Each structure stands twice: as structure tokens, then as C-alpha cells.
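Colleague: Next comes final.cif, mmCIF, C-alpha atoms and all ligand atoms:
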data_entry
#
loop_
_atom_site.label_atom_id
_atom_site.label_comp_id
_atom_site.auth_asym_id
_atom_site.auth_seq_id
_atom_site.Cartn_x
_atom_site.Cartn_y
_atom_site.Cartn_z
CA MET J 125 10.15 23.73 6.14
CA LYS J 126 9.53 21.26 8.96
CA LEU J 127 10.34 17.56 8.53
CA ALA J 128 8.57 14.91 10.58
CA ILE J 129 10.00 11.41 10.74
CA THR J 130 7.42 8.80 11.63
CA ILE J 131 8.50 5.40 12.96
CA PRO J 132 5.79 2.75 13.47
CA ALA J 133 7.11 0.34 16.06
CA PHE J 134 5.88 -2.89 17.59
CA ASN J 135 8.17 -4.43 20.20
CA GLU J 136 11.39 -2.96 18.86
CA GLU J 137 13.21 -2.12 22.12
CA LYS J 138 16.45 -3.60 20.83
CA THR J 139 16.74 -1.30 17.83
CA ILE J 140 14.60 1.82 18.35
CA ALA J 141 17.40 3.79 20.08
CA LYS J 142 19.85 2.99 17.28
CA VAL J 143 17.31 4.11 14.67
CA ILE J 144 16.63 7.41 16.41
CA GLY J 145 20.35 7.94 17.06
CA GLU J 146 21.17 7.53 13.39
CA ILE J 147 18.71 10.18 12.17
CA PRO J 148 20.58 13.29 10.97
CA ARG J 149 19.81 16.37 13.07
CA ARG J 150 20.52 18.84 10.29
CA ILE J 151 19.33 18.53 6.71
CA GLU J 152 19.81 21.13 4.01
CA GLY J 153 16.60 23.00 3.28
CA ILE J 154 14.94 21.79 6.52
CA LYS J 155 14.45 24.16 9.47
CA GLU J 156 13.13 21.75 12.08
CA ILE J 157 13.08 17.98 12.51
CA GLU J 158 10.62 16.13 14.71
CA ILE J 159 10.75 12.39 15.35
CA ILE J 160 7.43 10.67 16.03
CA VAL J 161 7.39 7.05 17.18
CA ILE J 162 4.06 5.26 16.98
CA ASP J 163 4.15 2.62 19.68
CA ASP J 164 1.53 0.16 18.52
CA GLY J 165 0.74 -1.54 21.82
CA SER J 166 4.27 -2.83 22.40
CA THR J 167 4.63 -5.05 25.45
CA ASP J 168 8.32 -4.20 25.84
CA ASN J 169 10.07 -0.88 26.52
CA THR J 170 9.91 0.51 22.96
CA GLY J 171 7.90 3.60 23.95
CA LYS J 172 9.95 4.45 27.03
CA ILE J 173 13.24 4.14 25.18
CA ALA J 174 11.95 6.25 22.28
CA GLU J 175 10.93 8.99 24.70
CA LYS J 176 14.32 8.90 26.38
CA CYS J 177 15.93 9.34 22.96
CA GLY J 178 13.95 12.54 22.46
CA ALA J 179 11.19 11.30 20.18
CA ALA J 180 7.55 12.24 20.54
CA VAL J 181 5.68 9.01 21.24
CA VAL J 182 2.09 8.36 20.20
CA ARG J 183 0.65 5.22 21.79
CA HIS J 184 -2.00 2.79 20.68
CA SER J 185 -3.50 1.00 23.66
CA GLY J 186 -3.37 -2.30 21.76
CA ASN J 187 -1.73 -3.70 18.65
CA ARG J 188 -3.74 -2.19 15.80
CA GLY J 189 -1.41 -3.13 12.97
CA LEU J 190 1.16 -1.40 10.82
CA ALA J 191 -1.27 0.37 8.46
CA LYS J 192 -3.21 1.95 11.34
CA ALA J 193 0.05 2.96 13.02
CA PHE J 194 1.22 4.52 9.75
CA ARG J 195 -1.99 6.56 9.59
CA THR J 196 -1.66 7.67 13.19
CA GLY J 197 1.89 8.76 12.36
CA LEU J 198 0.82 10.76 9.31
CA ASP J 199 -1.98 12.45 11.25
CA ALA J 200 0.37 13.38 14.09
CA ALA J 201 2.92 14.71 11.59
CA LEU J 202 0.31 16.78 9.73
CA GLU J 203 -0.96 18.15 13.00
CA SER J 204 2.55 19.17 14.02
CA GLY J 205 2.76 21.30 10.87
CA ALA J 206 5.22 19.14 8.93
CA GLY J 207 5.76 20.08 5.29
CA ILE J 208 7.51 16.81 4.53
CA ILE J 209 7.05 13.45 6.24
CA VAL J 210 9.51 10.59 6.09
CA ASN J 211 8.41 7.17 7.28
CA THR J 212 11.03 4.67 8.32
CA ASP J 213 11.03 1.32 10.12
CA ALA J 214 11.99 0.77 13.74
CA ASP J 215 14.08 -2.33 13.09
CA PHE J 216 17.31 -0.62 11.93
CA GLN J 217 17.14 -2.16 8.45
CA TYR J 218 17.08 1.19 6.66
CA ASN J 219 19.98 3.59 6.90
CA GLN J 220 18.62 6.82 8.39
CA LYS J 221 21.63 8.74 7.09
CA GLN J 222 19.94 8.45 3.70
CA ILE J 223 16.89 10.47 4.81
CA PRO J 224 18.21 13.59 3.00
CA LEU J 225 18.14 11.61 -0.28
CA LEU J 226 14.43 10.94 0.22
CA VAL J 227 13.66 14.52 1.13
CA LYS J 228 15.50 16.18 -1.76
CA PRO J 229 13.16 15.41 -4.69
CA ILE J 230 10.28 16.88 -2.66
CA LEU J 231 12.26 19.96 -1.66
CA ASP J 232 13.20 20.44 -5.32
CA GLY J 233 9.57 20.14 -6.35
CA ASN J 234 10.26 17.05 -8.45
CA ALA J 235 8.02 14.58 -6.58
CA GLU J 236 5.19 14.28 -4.06
CA ILE J 237 6.18 10.79 -2.94
CA VAL J 238 9.70 9.37 -2.83
CA LEU J 239 10.24 5.64 -2.44
CA GLY J 240 13.50 4.36 -1.03
CA SER J 241 14.07 1.44 -3.37
CA ARG J 242 15.99 -1.49 -1.93
CA PHE J 243 16.09 -3.29 -5.26
CA LYS J 244 17.79 -0.32 -6.92
CA GLY J 245 20.09 -0.01 -3.92
CA TRP J 246 22.07 -2.38 -1.73
CA ILE J 247 20.62 -5.35 0.14
CA GLU J 248 22.80 -6.93 2.81
CA GLU J 249 20.50 -9.90 3.28
CA MET J 250 16.93 -10.71 2.30
CA PRO J 251 15.70 -14.30 2.64
CA PHE J 252 14.73 -15.83 -0.70
CA SER J 253 11.04 -16.20 0.17
CA LYS J 254 10.88 -12.54 1.10
CA LYS J 255 12.70 -11.37 -1.96
CA PHE J 256 10.41 -13.46 -4.12
CA GLY J 257 7.33 -12.09 -2.31
CA ASN J 258 8.52 -8.50 -2.63
CA ILE J 259 9.29 -8.79 -6.34
CA LEU J 260 6.00 -10.55 -7.07
CA ALA J 261 3.96 -8.03 -5.06
CA THR J 262 5.73 -5.16 -6.83
CA LYS J 263 4.89 -6.70 -10.21
CA ILE J 264 1.24 -7.07 -9.19
CA VAL J 265 1.07 -3.48 -7.93
CA ASN J 266 2.61 -2.24 -11.19
CA PHE J 267 0.17 -4.34 -13.18
CA VAL J 268 -2.97 -3.13 -11.42
CA SER J 269 -1.87 0.50 -11.08
CA GLY J 270 0.02 1.09 -14.31
CA LEU J 271 2.90 2.46 -12.22
CA ARG J 272 6.51 1.40 -12.79
CA VAL J 273 8.11 1.15 -9.39
CA SER J 274 10.92 -1.20 -8.40
CA ASP J 275 10.00 -1.68 -4.72
CA ALA J 276 6.33 -1.34 -3.81
CA GLN J 277 6.84 -2.73 -0.28
CA THR J 278 9.52 -0.36 0.96
CA GLY J 279 8.84 1.19 4.36
CA PHE J 280 11.35 3.98 3.74
CA ARG J 281 9.45 6.76 2.02
CA ALA J 282 8.93 10.50 1.96
CA PHE J 283 5.64 12.31 1.43
CA SER J 284 4.93 15.94 0.69
CA ARG J 285 2.27 17.44 2.95
CA GLU J 286 -0.13 17.41 0.00
CA ALA J 287 0.47 13.68 -0.60
CA ALA J 288 0.13 12.90 3.12
CA LEU J 289 -3.23 14.67 3.19
CA ARG J 290 -4.43 12.24 0.51
CA MET J 291 -3.28 9.06 2.27
CA ASN J 292 -6.63 7.85 3.50
CA ILE J 293 -5.52 4.24 4.07
CA SER J 294 -8.36 1.87 4.88
CA SER J 295 -6.44 -1.38 5.33
CA ASP J 296 -5.12 -2.39 8.73
CA PHE J 297 -2.41 -4.80 7.62
CA THR J 298 -0.07 -2.89 5.36
CA TYR J 299 -0.19 0.60 3.89
CA THR J 300 2.56 0.08 1.33
CA GLN J 301 0.54 -1.01 -1.68
CA GLU J 302 -2.66 0.92 -0.99
CA SER J 303 -0.69 4.14 -0.70
CA LEU J 304 0.60 3.61 -4.24
CA LEU J 305 -2.92 3.06 -5.59
CA ILE J 306 -3.94 6.33 -3.91
CA ALA J 307 -0.91 8.05 -5.46
CA GLN J 308 -1.98 6.83 -8.85
CA GLU J 309 -5.61 7.87 -8.26
CA TYR J 310 -4.62 11.43 -7.38
CA LYS J 311 -1.74 11.61 -9.86
CA LEU J 312 0.82 12.27 -7.14
CA LYS J 313 4.23 12.18 -8.75
CA ILE J 314 6.41 9.33 -7.48
CA ALA J 315 10.21 9.29 -7.53
CA GLU J 316 12.53 6.48 -6.46
CA VAL J 317 15.96 6.71 -4.90
CA PRO J 318 18.23 3.72 -4.25
CA VAL J 319 18.65 2.92 -0.54
CA ASP J 320 20.54 0.47 1.63
CA PHE J 321 18.81 -2.39 3.41
CA ARG J 322 20.54 -4.08 6.31
CA LYS J 323 20.00 -7.53 7.69
CA ARG J 324 17.09 -7.82 10.13
CA GLU J 325 18.14 -8.23 13.75
CA GLY J 326 15.56 -10.45 15.35
CA LYS J 327 12.40 -11.77 13.76
CA SER J 328 10.17 -9.91 11.30
CA ARG J 329 7.03 -8.61 12.96
CA LEU J 330 5.06 -8.72 9.72
CA PHE J 331 6.32 -11.75 7.94
CA GLY J 332 5.42 -14.89 9.92
CA SER J 333 5.35 -17.25 6.98
CA ILE J 334 5.39 -16.54 3.28
CA TRP J 335 1.89 -17.97 2.92
CA GLY J 336 0.45 -16.03 5.82
CA TYR J 337 1.92 -12.82 4.46
CA ALA J 338 0.92 -13.55 0.85
CA LYS J 339 -2.64 -14.26 1.92
CA ARG J 340 -3.01 -11.08 3.98
CA ALA J 341 -1.14 -8.86 1.53
CA GLY J 342 -3.10 -10.38 -1.38
CA ILE J 343 -6.46 -9.71 0.25
CA THR J 344 -5.35 -6.20 1.25
CA LEU J 345 -4.30 -5.44 -2.32
CA LEU J 346 -7.45 -6.95 -3.84
CA ILE J 347 -9.72 -4.91 -1.58
CA ALA J 348 -7.70 -1.77 -2.25
CA TYR J 349 -7.92 -2.44 -5.98
CA LEU J 350 -11.68 -2.99 -5.78
CA ASN J 351 -11.96 0.29 -3.89
CA TYR J 352 -10.23 2.25 -6.62
CA HIS J 353 -11.18 0.40 -9.81
CA PRO J 354 -14.41 -1.53 -9.15
CA LEU J 355 -15.91 -1.14 -12.62
CA LYS J 356 -12.76 -2.35 -14.37
CA PHE J 357 -12.67 -5.47 -12.22
CA PHE J 358 -16.34 -6.42 -12.41
CA LEU J 359 -16.62 -5.49 -16.07
CA SER J 360 -13.73 -7.80 -16.92
CA LEU J 361 -15.13 -10.63 -14.82
CA GLY J 362 -18.72 -10.17 -16.04
CA GLY J 363 -17.43 -9.72 -19.58
CA LEU J 364 -15.78 -13.15 -19.43
CA PHE J 365 -19.08 -14.76 -18.39
CA VAL J 366 -20.98 -12.92 -21.11
CA LEU J 367 -18.45 -13.96 -23.75
CA GLY J 368 -18.73 -17.58 -22.61
CA GLY J 369 -22.52 -17.29 -22.72
CA LEU J 370 -22.47 -15.81 -26.21
CA ALA J 371 -20.10 -18.49 -27.47
CA ALA J 372 -22.31 -21.27 -26.13
CA GLY J 373 -25.50 -19.47 -27.20
CA THR J 374 -24.38 -18.89 -30.78
CA ARG J 375 -24.09 -22.59 -31.35
CA VAL J 376 -27.62 -23.17 -30.05
CA LEU J 377 -29.00 -20.26 -32.03
CA LEU J 378 -27.44 -21.45 -35.31
CA HIS J 379 -28.90 -24.89 -34.76
CA PHE J 380 -32.30 -23.38 -33.94
CA LEU J 381 -32.30 -21.24 -37.11
CA GLU J 382 -31.45 -24.28 -39.20
CA THR J 383 -33.89 -26.78 -37.72
CA GLY J 384 -36.35 -24.79 -35.63
CA MET J 385 -35.38 -26.94 -32.65
CA VAL J 386 -33.22 -26.48 -29.60
CA GLN J 387 -32.65 -30.20 -29.13
CA PRO J 388 -30.09 -31.78 -28.80
CA TYR J 389 -28.51 -28.55 -27.45
CA LEU J 390 -30.74 -28.08 -24.42
CA PRO J 391 -27.88 -28.39 -21.87
CA THR J 392 -25.79 -25.91 -23.89
CA ALA J 393 -28.76 -23.54 -24.04
CA LEU J 394 -29.12 -23.77 -20.27
CA LEU J 395 -25.41 -23.12 -19.78
CA ALA J 396 -25.53 -20.13 -22.13
CA SER J 397 -28.49 -18.58 -20.28
CA LEU J 398 -26.81 -19.14 -16.96
CA LEU J 399 -23.54 -17.54 -18.08
CA LEU J 400 -25.33 -14.57 -19.65
CA ILE J 401 -27.44 -13.92 -16.55
CA LEU J 402 -24.42 -14.29 -14.29
CA GLY J 403 -22.31 -12.04 -16.52
CA PHE J 404 -24.88 -9.25 -16.62
CA GLU J 405 -25.36 -9.51 -12.87
CA VAL J 406 -21.66 -9.16 -12.24
CA ILE J 407 -21.57 -6.13 -14.56
CA ILE J 408 -24.46 -4.55 -12.66
CA ILE J 409 -22.63 -5.17 -9.38
CA GLY J 410 -19.69 -3.34 -10.98
CA LEU J 411 -21.90 -0.36 -11.82
CA VAL J 412 -23.22 -0.22 -8.26
CA ALA J 413 -19.69 -0.53 -6.90
CA GLU J 414 -18.59 2.32 -9.17
CA MET J 415 -21.37 4.46 -7.71
CA VAL J 416 -20.21 3.53 -4.20
CA LYS J 417 -16.72 4.58 -5.26
CA PHE J 418 -18.04 8.01 -6.19
CA SER J 419 -19.52 8.46 -2.74
CA ARG J 420 -16.27 7.26 -1.16
CA LYS J 421 -14.38 9.80 -3.23
CA ALA J 422 -16.70 12.53 -2.01
CA GLN J 423 -15.96 11.43 1.56
CA ASP J 424 -12.23 11.40 0.81
CA GLU J 425 -12.55 14.94 -0.46
CA ILE J 426 -14.33 16.06 2.72
CA LEU J 427 -11.65 14.39 4.85
CA TYR J 428 -8.95 16.09 2.78
CA PHE J 429 -10.42 19.53 3.36
CA ILE J 430 -11.03 18.91 7.07
CA LYS J 431 -7.41 17.82 7.53
CA LYS J 432 -6.15 20.69 5.43
N1 LIG J 501 2.87 -0.19 14.59
C1 LIG J 501 3.15 -1.41 14.17
N2 LIG J 501 4.29 -1.59 13.58
C2 LIG J 501 4.55 -2.81 13.16
C3 LIG J 501 3.69 -3.90 13.31
N3 LIG J 501 4.27 -4.96 12.74
C4 LIG J 501 5.46 -4.52 12.26
N4 LIG J 501 5.63 -3.22 12.55
C5 LIG J 501 6.75 -2.34 12.24
O1 LIG J 501 6.82 -2.21 10.86
C6 LIG J 501 8.18 -2.17 10.47
C7 LIG J 501 8.42 -3.27 9.48
O2 LIG J 501 8.22 -4.50 10.11
P1 LIG J 501 9.20 -5.68 9.91
O3 LIG J 501 8.91 -6.69 10.96
O4 LIG J 501 10.59 -5.18 9.83
O5 LIG J 501 8.74 -6.20 8.53
P2 LIG J 501 9.67 -6.68 7.38
O6 LIG J 501 10.83 -5.76 7.28
O7 LIG J 501 8.78 -6.64 6.18
O8 LIG J 501 10.06 -8.05 7.78
C8 LIG J 501 9.01 -2.28 11.75
O9 LIG J 501 9.35 -0.98 12.15
C9 LIG J 501 8.04 -2.91 12.73
O10 LIG J 501 8.27 -2.50 14.07
C10 LIG J 501 2.48 -3.68 13.98
O11 LIG J 501 1.66 -4.56 14.19
N5 LIG J 501 2.26 -2.41 14.39
MG MG J 502 12.06 -4.85 8.49
#
Starting from the file, give its structure as C-alpha cells.

Modeller:
Amino acid sequence: MKLAITIPAFNEEKTIAKVIGEIPRRIEGIKEIEIIVIDDGSTDNTGKIAEKCGAAVVRHSGNRGLAKAFRTGLDAALESGAGIIVNTDADFQYNQKQIPLLVKPILDGNAEIVLGSRFKGWIEEMPFSKKFGNILATKIVNFVSGLRVSDAQTGFRAFSREAALRMNISSDFTYTQESLLIAQEYKLKIAEVPVDFRKREGKSRLFGSIWGYAKRAGITLLIAYLNYHPLKFFLSLGGLFVLGGLAAGTRVLLHFLETGMVQPYLPTALLASLLLILGFEVIIIGLVAEMVKFSRKAQDEILYFIKK
């Protein structure tokens, strides 16, 4: 079995060599290990240093974002014939000596995706705003997906080849949450192992401010959710409008049956009609979106077979 380790990197010249140096060269059950660094348009020496350290380097001509770099990494790993793919960060926050822990559940056939959970493991330092954001985002992911993970944002993960073939990530900001929605969609079994998380040396490349991150991650997650569960979303939203319309309309109707008049409930009658029309429209949008989802799934299936 071949293991590919993908490392998306954007201006990480200070840490990339340490990360590559820490990766174990022998792992039980693994015949060959290949390290693939995705240099996402770095303006420093990240790519050169990675090459010197023996990694294969795939370059983006400009900064296309972490999610795109993650995809490029998975594609390169699949193409190289990897049976298992581990993704790790280039900033030396994860402990690469723990890679065997991530690989094991897949080797044993107990999981298709293994998440290195920082919250079940050891965290040297995580600023409060980040911790709060991570916990909240994990709760939201669990809520919308029905999964029960403890760290939905971890960048330290292992994928079986089968799972990697399914990771058709469409976002360009972050792959972490969308990949879990895909896992849930295709019933890919997820396992978690506790991992260490060191203090960040230098500034986060993703996390400018809590609000900036929350906004981008929130939109990314919402779009991903709409992609996978459009009917649920629009049915709930439209349903609320319809319920409001019915509540307002019932009052008018009762009055009309009693007196044969709409007055003095004309404004309520207008509101009820508006809510009902709006509600049914939103529901119809949901039905159309569900049909679009079916065609997207067909395209996903084609992509899966082409890659395979
Ligand atoms: N390819 C690529 N990688 C990125 C980009 N932004 C961040 N990264 C990498 O993604 C990983 C996680 O980023 P980091 O800044 O540590 O985020 P944080 O740990 O959430 O604060 C690191 O390996 C970064 O080099 C980007 O725009 N492109
Ligand atoms: Mg980091």
C-alpha cells in the first residue's frame, strides 16, 4: 500500500522543512511514502525548500486558496497511485510522528476517513477566538450533517483512496467542512483519533480576524449545505412562511364565515396571501434546487468513474 502525504502550503518557508523532516519514513503496513507539497503561489522559498527536502512539489501559478490546493493535492496523490492519503498543514502545528495513528484505522478497514482531533488530544495554545470559532463551527457541522465529530476544522486527516475519489470539493476557501458533508452524503465511515496541536509560529494564513473567517466559513458552509440538502432547507424556510400565512389567514377566514365580510381584516388578509405565495414559491425553488442536485450528483458520479 502506498501512502501519499499532501501538504498545502502558502508562504511557509520557515516551517516546511521541519514538517517534512518530522514525517516518519517507515510506517507499518505501508510499502512506499510520497510527500506532495502544494505550493499555492507562495512568494517566498516554500517550494524550493520543499523540493530540497525531497518532496514532490505541485505549483499553482497564483494563490488559489486552501480548498483548491487541497484538491490539487488529492488529485496528485490519486494519480501517483496512493491507497491512503494523509493531509497535514505546513505550519508545524500538527505532530507528523502521529501520522501512523491516522493511517491505522484505514489499514484495519475500520474507517474511510480519519480525523485528527485536537479537542480530544492536546492543544499547546489556541487563541480564545479561534477555539470559540472552531467549537461553534464543529457544532454547526454536526447539526447540519447529523455527524458527531469533535473537530470539524482539523487539517490533519487521512483518506482512503475510495474516500479521496469522492472529495469533489467546490469551495475555494476551506475544504474542511464540505468534505464532511460529502462523507455523510456517501456514507463514508469517519473515525477520530486524538492528536497534538502545537502553537502557531508566525501568523495564521487563514484566520485574519474572527469576523472575516466566520463570514467566509459561514458562507462556504451554507453553500455546501444548500448543495447537499437543498430541499430540506427551502422546505423549512417556505414551510415557515406558509405556516405564518395559514395562521393569519385562518383568522380572516373565520371572520368571513361568521359575517360574510373580510373587513376589518383586509391588511391581515393581504399579509396572509403574501406569506402563502412567498412560502409556496420558496418551496418550488427547493424542488428545482433538488432537481439540480440530482444532475450534480450525476456529474459527481461521472467524475468519480473518470478518476477511478
Ligand atoms: N495552498 C494554500 N494553503 C494555505 C492557504 N492559506 C493557508 N494555507 C495553509 O493551510 C494550512 C493551515 O493554515 P493556517 O494559517 O495554519 O490556518 P490555521 O491553523 O487555521 O490558523 C497551512 O499549512 C497553510 O500554509 C492558501 O491560500 N493556500
Ligand atoms: Mg495552522

Colleague: For a quick check of understanding, using only C-alpha atoms and all ligand atoms, which of J:Gly326, J:Gly410, J:Gly342, J:Pro224 has the smallest distance to ligand MG 502 (chain J)?

Modeller: J:Gly326

Colleague: Neighbouring residues of ligand MG 502 (chain J) are defined here as those with any atom at most 12 Å from a ligand atom, counting all atoms listed in the file; list them as JSON, numbers by chain.

Modeller: {"J": [131, 132, 133, 134, 136, 139, 190, 212, 213, 214, 215, 216, 217, 218, 219, 242, 247, 249, 250, 251, 254, 277, 278, 279, 280, 321, 322, 323, 324, 325, 326, 327, 328, 329, 330, 331]}

Colleague: When distances are computed from only C-alpha atoms and all ligand atoms, which of J:Phe283, J:Tyr310, J:Tyr349, J:Phe297 shows the smallest separation from ligand LIG 501 (chain J)?

Modeller: J:Phe297

Colleague: Counting all atoms listed in the file, which of J:Lys432, J:Arg188, J:Lys172, J:Lys126 gets nearest to ligand LIG 501 (chain J)?

Modeller: J:Arg188

Colleague: Quick check, in Å to one decimal: how far apart do CA of Ser419 in chain J and CA of Thr344 in chain J lie?

Modeller: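 One can read the CA of Ser419 in chain J to CA of Thr344 in chain J distance as 20.8 Å.
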
Colleague: Could you put an axis-aligned box around every listed atom of ligand LIG 501 (chain J), padded by 5 Å on each side, and send me its centre and edge lengths in Å to one decimal, as JSON?

Modeller:
{"center_x": 6.2, "center_y": -4.1, "center_z": 10.4, "size_x": 19.2, "size_y": 17.9, "size_z": 18.4}

Colleague: Got a sec: who's within 6 Å of range 414-418 of chain J, counting all atoms listed in the file, leaving out chain neighbours fewer than 3 positions off, as a list of chain:residue names?

Modeller: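 Contacts, with the query itself left out: J:Pro354, J:Leu355, J:Leu411, J:Lys421.
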
Colleague: Write the residues of the selection above to a file with C-alpha atoms, as a tab-separated table (two decimals), in the coordinates of the input.

Modeller:
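This is the output file again-v6.tsv:
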chain	number	residue	atom	x	y	z
J	354	PRO	CA	-14.41	-1.53	-9.15
J	355	LEU	CA	-15.91	-1.14	-12.62
J	411	LEU	CA	-21.90	-0.36	-11.82
J	421	LYS	CA	-14.38	9.80	-3.23
